[in-house]
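Here the structure comes first, spelled out in structure tokens, and everything after it is commentary.
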Amino acid sequence: MKIFQSIKSFVKKYFFNPTWRCLVCGKEVFEKERFCEECIKTLPFNDGPICAHCGRKTVAFTEYCSTCKNVLTDLDMCRSAFSYQYPMSKLIKDAKYNNAKYLIEYFAEQLSLVYLQNYFNADCLVYIPMTEKAEKKRGYNQSQILSEKLSALINVPVINAVKKVKDTKRQATLSRADRLKNLDGAFRVVDKKAVKDKNVLIVDDVSTTGATAQVIASRLKKAGAKTVKLITVCSTPPIDKY
């Protein structure tokens, strides 16, 4: 039995090593490359026109897009590295639900570039927390891992200032109004001294409607945070594209 386990470990390490295979298709690539020549062309980098406030991909530059106008009021600025489209949508889901934590290192690298390009100048990082029950079920919190890896790259500390105190339904199928209702009373700032008069940066994998970040930003502002901004790997473009 042990010999079969050894063979399995050897094959997994040397034939399915994600560090030298394309993260999308699995094709063999050169050392330190993350994608093959074909797949890298499909990455939906968020490097064109965006909303100046929430950072979503738009057809033309705008101060406030239809997603954030009069809505994401407690978030001072949001930015994302990619638009939430294939293949990034698949990679996000793999990292989140299929234990592909090795992908998070690449996500953090891209966020570090976004951080520097946008002069965030944060005093601390805050991740989107999960309840103990939810984290135990999944086995990890990808947002926490992402924030820790980003912290190591930009030298900004992660603080455990926010706690999720109530389990909520999955947000994916809910409207924005239902998401806000679903999140009512779900988060609490447990370390107000750590955020008082600080420039806080929330770190997450995806921003869809922005409801979760908005709720947390509201709690942080009430706890005395000077500014609250959001950085995500991906953001969903406005439905009407402006």
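Ligands are numbered from 1 in the order shown, residues from 1 within each chain, and chains are lettered A, B, ... in the order they appear in the structure tokens.
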
Tell me, counting only C-alpha atoms, for each residue of stretch 83-130 of chain A within 8 Å of stretch 18-35 of chain A, which pair of atoms is nearest and how far apart they are in Å to one decimal, in rows ordered by chain and increasing number, as CSV.
```
residue,atom,partner,partner_atom,distance
A:Pro87,CA,A:Val24,CA,6.8
A:Leu91,CA,A:Val24,CA,7.4
A:Tyr102,CA,A:Pro18,CA,7.5
A:Leu103,CA,A:Leu23,CA,7.7
```

Could you write out that same residue set with C-alpha atoms as a compact mmCIF listing (two decimals), in the first residue's frame?
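Final file, out-v8.txt:
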```
# COMPACT_ATOMS: atom_id res chain seq x y z
CA PRO A 87 -10.53 31.78 -17.83
CA LEU A 91 -9.33 29.86 -11.83
CA TYR A 102 -1.41 27.28 -5.52
CA LEU A 103 -3.31 29.72 -7.78
```

(Q) Give me, as a ChimeraX atom specification, all polymer residues having an atom no more than 12 Å from A:Asn141, counting only C-alpha atoms and skipping those fewer than 3 positions away in the same chain. (A) /A:95-97,99,101,104,127-138,144-148,203-205

Name the residues of stretch 158-191 of chain A that fall into alpha helix (DSSP H) according to DSSP on the backbone, using the chain letters and numbers of this document, as a PDB file with C-alpha atoms, in the first residue's frame.
```pdb
ATOM      1  CA  ARG A 176     -27.967  43.213  -4.640  1.00  0.00           C
ATOM      2  CA  ALA A 177     -30.892  44.105  -2.375  1.00  0.00           C
ATOM      3  CA  ASP A 178     -31.176  40.496  -1.220  1.00  0.00           C
ATOM      4  CA  ARG A 179     -27.416  40.341  -0.650  1.00  0.00           C
ATOM      5  CA  LEU A 180     -27.548  43.346   1.651  1.00  0.00           C
ATOM      6  CA  LYS A 181     -30.476  41.814   3.525  1.00  0.00           C
ATOM      7  CA  ASN A 182     -28.621  38.508   3.705  1.00  0.00           C
TER       8      ASN A 182
END
```

(Q) With distances taken over only C-alpha atoms, which residue among A:Thr62, A:Ser112, A:Asn118, A:Asn46 lies nearest A:Lys229? (A)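 Once distances to A:Lys229 are computed over only C-alpha atoms, the minimum belongs to A:Asn118.
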
(Q) Please report the interatomic distance between atom CA of A:Phe187 and atom CA of A:Lys164 in Å with one decimal. (A)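 Separating atom CA of A:Phe187 from atom CA of A:Lys164 is a distance of 4.5 Å.
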